[in-house]
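Student: Sharing a structure, written as structure tokens. Questions coming.
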Amino acid sequence: MMRQYELVERVQRYKPDVNEALLNKAYVYAMQKHGHQRRASGDPYFSHPLEVAAILTDMHMDEATIAVALLHDTIEDTTATRDEIDELFGPEMGKLVEGLTKLKKLDLVSKKAEQAENLRKLLLAISEDVRVLLVKLADRLHNMRTLDHVPEAKRLRIAEETMEIYAPLAGRMGMQGMREELEELAFRYINPEAYRTVTARLADTFERHRNVIVEIEESLSGLFTKYKLNAEVKSRQKKPWSVFRKMEAKALSFEQLSDIFGFRVIVDSVEDCYSALGAIHTTWSMVPGRFKDYISTPKQNDYRSIHTTIVGPSRQRIELQVRTREMNKIAEYGVAAHSIYKDTGGKPNGPAHTISKETNAYAWLRRTIEALAEGDNPEDFLENTRLELFQDQVFCFTPKGRLIALPRGATPIDFAYAVHTDVGDTCVGAKVNGRIMPLMTELKNGDEVEIIRSKAQVPPAAWESVVVTGKARSAIRRATKNAIRKQYSGLGMRILERTFERGGKAFTRDSLKPVLHRLARKDIDDVLSSVGRGELSSSDVMKAVFPDFKEERITQTPPKAREEGWFNLRNAAGMLFQIPGRASSRKSRKEAEEQASKEQGAVPIKGVRGDLPVRFAPEGAVPGDRIVGIIQPGSGITIYPIQSPSLTAFDDQPERWIDVRWDIDEDTKERFPARVSVTAINAPGSLADITQVVASNDANIHTLSMIRTAPDFTEMLIDLEVWDLKHLNRLLSQLKDNSSVSEAKRVNG
């Protein structure tokens with residue numbers, strides 16, 4: 001185990017004026033607190049924070065960050081408290097250590113939710129001070145290096161979490177070296193057989209191509225000497241996980257991979273980068289489509305370099321990366337390499353060492369933090385963060401020239417949400433490079449995208465399966481929820497207005513404010529939505545607002561009432577309504593229905609795409625039918641024809657019945673569902689005759705099934721879409737007259 005003086009010496013190599021007192025104090029405190037604790041390997045627990053500190057010294061971090069590494073597990077795993085650390089090391093150090101402490105005693109229903117909440121906490125802490133990220137990744141790296149000693153079930157979970165979250169997070173913050181080692185260690189445990197196979201093949205390939213690699217290095221070095229460029233040439237071999245991932249993604253064999261080896265050219269300045277590129281391209285042919293300039297357009301994690309592929313000295317393809325030494329440092333260490341810290345001279349109570357909030361890596365982090373503020377549930381947040389972490393990028397532009405970085409496979413919808421949530425929510429179309437293109441078009445590097453907007457637009461729920469960015473998916477899900485909630489709120493408002501009216505009371509939204517706590521709802525819209533969903537009885541709301549109100553219920557068994565003629569029911573809105581049954585009345589049925597609807601204030605039904613959450617029973621209902629509504633908790637109103645036998649299932653639940661009426665605008669072009677049974681002669685062409693009758697009558701077949709087949713006939717069940725009852729009756733009449741049909745009738749339940 002590393003001694004106290006050895007740790008100080010490691011920091012002194014790159015920071016001669018190290019604050020030894022701080023490091024010594026943190027070393028002794030952490031060692032005393034961890035005491036006789038042991039790791040799964042049997043080593044003293046203190047060896048872990050010590051190794052984490054050592055990893056950070058390799059990254060040349062300041063002594064304050066090293067001290068935090070020594071202390072990072074004290075609050076979580078020992079008797080140490082935040083107040084104690086504040087007192088000994090200052091509130092700044094205490095805040096950092098607390099940011100690295102996992103949430104405890106979480107009242108969450110799943111491990112996934114717990115993982116998400118801990119990730120939230122970590123990202124929030126990182127957004128305030130980058131040192132939290134550096135210590136956390138070093139902590140995870142050492143845990144992965146010693147994972148052999150952890151029980152197998154837990155080992156796999158930790159490896160998967162590393163591959164899904166921590167390795168991509170390191171990559172997004174520009175720490176490529178850290179990312180590659182985390183991926184390789186996780187790959188070893190997630191798929192050990194594939195890891196062994198790929199590693200062995202890579203070792204064998206390196207041995208076979210050792211001389212070729214040396215030859216290429218010498219050729220490139222000689223070229224740069226000729227052009228008087230101070231350039232360092234290094235060969236590099238693709239990592240096992242990167243090889244395996246490419247083979248899986250592109251269905252390639254190991255032999256088909258042409259980029260196992262690559263070469264890095266490191267020069268002094270940006271000008272030298274382009275001079276080196278010119279020398280390379282004038283000496284060897286460039287492979288078309290294999291050139292990327294990340295110096296003029298850096299990646300979101302601040303990575304800068306020129307990538308090109310050439311046909312090299314031995315006529316083989318060679319991948320090259322050209323960059324400056326500073327770019328190489330940032331590519332390796334990411335945010336840890338930025339020399340833009342506020343130096344405190346190692347004083348524990350000095351101002352925070354914070355990385356510039358203008359870096360691309362931090363711009364991504366700020367967007368992620370914005371997603372936290374949107375209030376997604378933990379599982380959604382975890383999913384969306386993963387989507388943001390795993391992305392290879394394309395760069396697109398707005399018409400005004402603003403650069404928008406998106407994951408590969410992104411669509412104009414993703415682009416719209418990347419510009420602003422309001423732009424995404426109101427998007428109805430897009431122009432890509434001046435041409436109107438489908439919203440599902442996959443964007444390419446350099447595309448100029450113009451979003452066409454409409455204030456009347458509500459993002460369809462189906463968009464969620466099209467987009468690839470977490471921000472877009474989260475916003476679409478949220479807009480869909482809000483639209484559904486608005487529908488239910490509208491229904492709840494109508495129900496409550498009629499309930500209060502029947503009770504001789506006036507309903508206002510403000511009357512709900514004082515009783516929200518009694519109804520266990522957080523706001524007025526929540527009450528209205530709950531009533532619309534059937535989760536909260538309107539009579540309960542009435543009693544909450546007017547505690548002295550006494551409801552008079554008149555209930556009669558629906559089946560018997562239908563047999564006798566008229567029947568009365570109290571529905572979920574507390575409304576008494578009267579519907580004509582099968583017996584005749586002095587008034588015509590239509591007049592009776594209109595009168596009942598007018599007197600009782602029935603809820604108007606405009607159709608499936610109206611402003612209320614309405615759906616139709618399986619047997620359907622069409623304008624002209626006498627209808628009744630049944631409140632389905634959580635899904636709005638289901639509309640049934642009054643003669644439907646299915647209604648008997650609700651005979652003992654009168655509180656769910658609600659009176660409804662048709663309110664169809666003549667200009668509304670919407671068909672309605674109806675189910676018919678057709679018995680056809682079993683002969684060639686019969687089905688064609690039936691579909692021809694349907695088509696000629698401007699109806700639409702939604703589904704068709706054969707429910708019984710005999711030698712002489714076939715019985716079909718057809719779900720149609722028709723305009724109204726007259727349209728349906730005309731269609732049935734023509735089906736009956738068809739020579740291929742022996743019987744056609746409507747199905748009610």
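Residue names in the structure tokens use chain letters A, B, ... in the order shown, residue numbers from 1 in each chain, and ligand numbers from 1 in the order shown.
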Would you please give, as a VMD selection string, all residues of region 629-743 of chain A that DSSP assigns to alpha helix (DSSP H) based on the backbone?
Tutor: chain A and resid 686 to 696 725 to 737
Student: Please produce a file of those selected residues containing N, CA and C atoms, as a PDB file, in the first residue's frame.
Tutor:
```pdb
ATOM      1  N   SER A 686     -66.923 -14.690 -53.754  1.00  0.00           N
ATOM      2  CA  SER A 686     -67.884 -14.168 -52.775  1.00  0.00           C
ATOM      3  C   SER A 686     -67.289 -13.004 -51.983  1.00  0.00           C
ATOM      4  N   LEU A 687     -66.067 -13.188 -51.511  1.00  0.00           N
ATOM      5  CA  LEU A 687     -65.437 -12.134 -50.718  1.00  0.00           C
ATOM      6  C   LEU A 687     -65.248 -10.874 -51.558  1.00  0.00           C
ATOM      7  N   ALA A 688     -64.884 -11.046 -52.812  1.00  0.00           N
ATOM      8  CA  ALA A 688     -64.713  -9.895 -53.700  1.00  0.00           C
ATOM      9  C   ALA A 688     -66.021  -9.139 -53.873  1.00  0.00           C
ATOM     10  N   ASP A 689     -67.150  -9.896 -53.999  1.00  0.00           N
ATOM     11  CA  ASP A 689     -68.469  -9.255 -54.138  1.00  0.00           C
ATOM     12  C   ASP A 689     -68.791  -8.411 -52.905  1.00  0.00           C
ATOM     13  N   ILE A 690     -68.475  -8.956 -51.722  1.00  0.00           N
ATOM     14  CA  ILE A 690     -68.797  -8.248 -50.470  1.00  0.00           C
ATOM     15  C   ILE A 690     -67.965  -6.971 -50.349  1.00  0.00           C
ATOM     16  N   THR A 691     -66.668  -7.080 -50.592  1.00  0.00           N
ATOM     17  CA  THR A 691     -65.809  -5.896 -50.477  1.00  0.00           C
ATOM     18  C   THR A 691     -66.163  -4.845 -51.527  1.00  0.00           C
ATOM     19  N   GLN A 692     -66.649  -5.298 -52.694  1.00  0.00           N
ATOM     20  CA  GLN A 692     -67.057  -4.358 -53.731  1.00  0.00           C
ATOM     21  C   GLN A 692     -68.273  -3.551 -53.277  1.00  0.00           C
ATOM     22  N   VAL A 693     -69.225  -4.216 -52.609  1.00  0.00           N
ATOM     23  CA  VAL A 693     -70.410  -3.514 -52.091  1.00  0.00           C
ATOM     24  C   VAL A 693     -69.986  -2.474 -51.059  1.00  0.00           C
ATOM     25  N   VAL A 694     -69.069  -2.859 -50.173  1.00  0.00           N
ATOM     26  CA  VAL A 694     -68.601  -1.927 -49.131  1.00  0.00           C
ATOM     27  C   VAL A 694     -67.923  -0.723 -49.777  1.00  0.00           C
ATOM     28  N   ALA A 695     -67.039  -0.973 -50.734  1.00  0.00           N
ATOM     29  CA  ALA A 695     -66.299   0.109 -51.373  1.00  0.00           C
ATOM     30  C   ALA A 695     -67.219   1.036 -52.153  1.00  0.00           C
ATOM     31  N   SER A 696     -68.185   0.471 -52.876  1.00  0.00           N
ATOM     32  CA  SER A 696     -69.084   1.290 -53.684  1.00  0.00           C
ATOM     33  C   SER A 696     -69.983   2.171 -52.833  1.00  0.00           C
ATOM     34  N   LEU A 725     -76.002   6.184 -39.103  1.00  0.00           N
ATOM     35  CA  LEU A 725     -76.916   5.033 -39.094  1.00  0.00           C
ATOM     36  C   LEU A 725     -77.563   4.812 -40.461  1.00  0.00           C
ATOM     37  N   LYS A 726     -77.948   5.889 -41.151  1.00  0.00           N
ATOM     38  CA  LYS A 726     -78.548   5.746 -42.481  1.00  0.00           C
ATOM     39  C   LYS A 726     -77.566   5.072 -43.446  1.00  0.00           C
ATOM     40  N   HIS A 727     -76.331   5.516 -43.360  1.00  0.00           N
ATOM     41  CA  HIS A 727     -75.290   4.941 -44.214  1.00  0.00           C
ATOM     42  C   HIS A 727     -75.129   3.452 -43.933  1.00  0.00           C
ATOM     43  N   LEU A 728     -75.134   3.070 -42.674  1.00  0.00           N
ATOM     44  CA  LEU A 728     -74.984   1.668 -42.286  1.00  0.00           C
ATOM     45  C   LEU A 728     -76.163   0.831 -42.770  1.00  0.00           C
ATOM     46  N   ASN A 729     -77.376   1.359 -42.586  1.00  0.00           N
ATOM     47  CA  ASN A 729     -78.571   0.603 -43.003  1.00  0.00           C
ATOM     48  C   ASN A 729     -78.609   0.410 -44.517  1.00  0.00           C
ATOM     49  N   ARG A 730     -78.196   1.442 -45.265  1.00  0.00           N
ATOM     50  CA  ARG A 730     -78.163   1.325 -46.726  1.00  0.00           C
ATOM     51  C   ARG A 730     -77.157   0.257 -47.147  1.00  0.00           C
ATOM     52  N   LEU A 731     -76.028   0.223 -46.476  1.00  0.00           N
ATOM     53  CA  LEU A 731     -75.004  -0.767 -46.785  1.00  0.00           C
ATOM     54  C   LEU A 731     -75.502  -2.180 -46.481  1.00  0.00           C
ATOM     55  N   LEU A 732     -76.149  -2.368 -45.341  1.00  0.00           N
ATOM     56  CA  LEU A 732     -76.682  -3.688 -44.981  1.00  0.00           C
ATOM     57  C   LEU A 732     -77.732  -4.146 -45.989  1.00  0.00           C
ATOM     58  N   SER A 733     -78.558  -3.210 -46.434  1.00  0.00           N
ATOM     59  CA  SER A 733     -79.608  -3.550 -47.407  1.00  0.00           C
ATOM     60  C   SER A 733     -78.993  -4.044 -48.714  1.00  0.00           C
ATOM     61  N   GLN A 734     -77.929  -3.369 -49.174  1.00  0.00           N
ATOM     62  CA  GLN A 734     -77.301  -3.788 -50.431  1.00  0.00           C
ATOM     63  C   GLN A 734     -76.545  -5.109 -50.273  1.00  0.00           C
ATOM     64  N   LEU A 735     -75.990  -5.342 -49.083  1.00  0.00           N
ATOM     65  CA  LEU A 735     -75.335  -6.625 -48.847  1.00  0.00           C
ATOM     66  C   LEU A 735     -76.350  -7.763 -48.904  1.00  0.00           C
ATOM     67  N   LYS A 736     -77.529  -7.558 -48.316  1.00  0.00           N
ATOM     68  CA  LYS A 736     -78.575  -8.589 -48.323  1.00  0.00           C
ATOM     69  C   LYS A 736     -79.058  -8.893 -49.742  1.00  0.00           C
ATOM     70  N   ASP A 737     -79.048  -7.835 -50.607  1.00  0.00           N
ATOM     71  CA  ASP A 737     -79.521  -8.017 -51.980  1.00  0.00           C
ATOM     72  C   ASP A 737     -78.488  -8.687 -52.872  1.00  0.00           C
TER      73      ASP A 737
END
```
Student: List as a ChimeraX atom specification the protein and nucleic acid residues near Val622 (chain A), meaning an atom at most 10 Å away when only C-alpha atoms are counted, but skip any in the same chain fewer than 5 places from it.
Tutor: /A:607,616,627,639-641,662,671-674,721-728
Student: Produce a file of the selected residues containing C-alpha atoms, as a tab-separated table (two decimals), in the first residue's frame.
Tutor:
```
chain	number	residue	atom	x	y	z
A	607	GLY	CA	-66.26	11.73	-32.33
A	616	PHE	CA	-66.29	3.16	-28.75
A	627	ILE	CA	-76.15	5.88	-26.97
A	639	ILE	CA	-69.76	4.72	-25.91
A	640	TYR	CA	-72.32	1.92	-26.34
A	641	PRO	CA	-75.55	1.73	-28.35
A	662	TRP	CA	-74.29	13.09	-30.53
A	671	ARG	CA	-66.37	7.75	-39.99
A	672	PHE	CA	-67.61	5.78	-37.00
A	673	PRO	CA	-67.23	2.10	-36.07
A	674	ALA	CA	-69.92	-0.54	-36.56
A	721	GLU	CA	-66.30	2.50	-40.61
A	722	VAL	CA	-69.42	4.39	-41.79
A	723	TRP	CA	-70.75	7.95	-41.67
A	724	ASP	CA	-73.97	7.38	-39.69
A	725	LEU	CA	-76.92	5.03	-39.09
A	726	LYS	CA	-78.55	5.75	-42.48
A	727	HIS	CA	-75.29	4.94	-44.21
A	728	LEU	CA	-74.98	1.67	-42.29
```
Student: Which residues come within 10 Å of Phe263 (chain A), counting only C-alpha atoms, excluding same-chain residues fewer than 2 positions away, as a ChimeraX atom specification?
Tutor: /A:213,216-217,220,233-237,261,265-266,318-322
Student: Please measure the separation of CA of Ala744 (chain A) and CA of Val628 (chain A), giving the value in Å to one decimal.
Tutor: 25.2 Å
Student: Find the spatial neighbours of Pro613 (chain A), counting only C-alpha atoms, within a cut-off of 7 Å - ignore same-chain residues fewer than 2 positions away - and output them as a ChimeraX atom specification.
Tutor: /A:487-488,611,615,636-637
Student: Nearest to Arg675 (chain A) among A:Pro618, A:Asn697, A:His36, A:Ala649, with distances taken over only C-alpha atoms: which residue is it?
Tutor: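 The closest residue to Arg675 (chain A) is A:Pro618.
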Student: Can you tell me how far CA of Ser258 (chain A) sits from CA of Ala194 (chain A), in Å to one decimal?
Tutor: 19.5 Å
Student: May I ask which of the residues A:Arg494, A:Arg402, A:Arg408, A:Arg245 is the closest one to Thr508 (chain A), counting only C-alpha atoms?
Tutor: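 Ranking A:Arg494, A:Arg402, A:Arg408, A:Arg245 by distance to Thr508 (chain A), first place goes to A:Arg494.
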Student: Can you tell me, as a ChimeraX atom specification, what residues are no more than 7 Å from Leu100 (chain A) when counting only C-alpha atoms, ignoring any on the same chain fewer than 4 positions away?
Tutor: /A:72,96,122,132,136
Student: The selected residues should be written to file as a tab-separated table (two decimals), in the first residue's frame (atoms: all heavy atoms).
Tutor:
```
chain	number	residue	atom	x	y	z
A	72	HIS	N	-13.38	10.25	-0.28
A	72	HIS	CA	-14.64	10.12	-1.00
A	72	HIS	C	-15.61	9.09	-0.42
A	72	HIS	O	-16.82	9.19	-0.64
A	72	HIS	CB	-14.39	9.83	-2.49
A	72	HIS	CG	-14.05	8.42	-2.82
A	72	HIS	ND1	-12.77	7.92	-2.79
A	72	HIS	CD2	-14.84	7.36	-3.19
A	72	HIS	CE1	-12.78	6.64	-3.13
A	72	HIS	NE2	-14.01	6.27	-3.38
A	96	LEU	N	-17.93	18.48	-1.97
A	96	LEU	CA	-17.46	17.54	-2.98
A	96	LEU	C	-17.60	16.10	-2.51
A	96	LEU	O	-18.05	15.23	-3.27
A	96	LEU	CB	-15.99	17.83	-3.31
A	96	LEU	CG	-15.71	19.14	-4.05
A	96	LEU	CD1	-14.22	19.40	-4.11
A	96	LEU	CD2	-16.30	19.11	-5.44
A	122	LEU	N	-25.34	12.56	-8.96
A	122	LEU	CA	-23.97	12.67	-9.45
A	122	LEU	C	-23.86	13.78	-10.50
A	122	LEU	O	-22.96	14.62	-10.45
A	122	LEU	CB	-23.51	11.33	-10.03
A	122	LEU	CG	-22.13	11.33	-10.70
A	122	LEU	CD1	-21.05	11.64	-9.68
A	122	LEU	CD2	-21.87	10.00	-11.38
A	132	VAL	N	-15.82	16.33	-9.05
A	132	VAL	CA	-16.68	15.21	-8.66
A	132	VAL	C	-16.64	14.13	-9.73
A	132	VAL	O	-16.54	12.93	-9.43
A	132	VAL	CB	-18.14	15.69	-8.42
A	132	VAL	CG1	-19.06	14.50	-8.18
A	132	VAL	CG2	-18.19	16.64	-7.24
A	136	LYS	N	-15.09	10.38	-9.30
A	136	LYS	CA	-16.04	9.28	-9.50
A	136	LYS	C	-15.54	8.31	-10.56
A	136	LYS	O	-15.64	7.08	-10.38
A	136	LYS	CB	-17.41	9.83	-9.90
A	136	LYS	CG	-18.48	8.75	-10.06
A	136	LYS	CD	-18.72	8.01	-8.76
A	136	LYS	CE	-19.70	6.87	-8.93
A	136	LYS	NZ	-19.88	6.11	-7.68
```
Student: Can you list, as a PyMOL selection string, every protein, DNA or RNA residue that comes within 8 Å of region 708-714 of chain A when you count only C-alpha atoms, leaving out same-chain residues fewer than 3 positions away?
Tutor: chain A and resi 679-683
Student: With a distance cut-off of 10 Å and only C-alpha atoms, select the neighbouring residues of Asp272 (chain A), excluding the residue or stretch itself and same-chain residues fewer than 6 positions from it, and output the selection as JSON, numbers by chain.
Tutor: {"A": [229, 230, 231, 266, 278, 322, 323, 324]}
Student: What is the CA of Gly171 (chain A)-CA of His307 (chain A) distance in Å, reported with one decimal?
Tutor: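 CA of His307 (chain A) lies 17.9 Å from CA of Gly171 (chain A).
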Student: Counting only C-alpha atoms, figure out which residue out of A:Gly685, A:Thr57, A:Gly99, A:Ala331 gets nearest to Met178 (chain A).
Tutor: A:Ala331
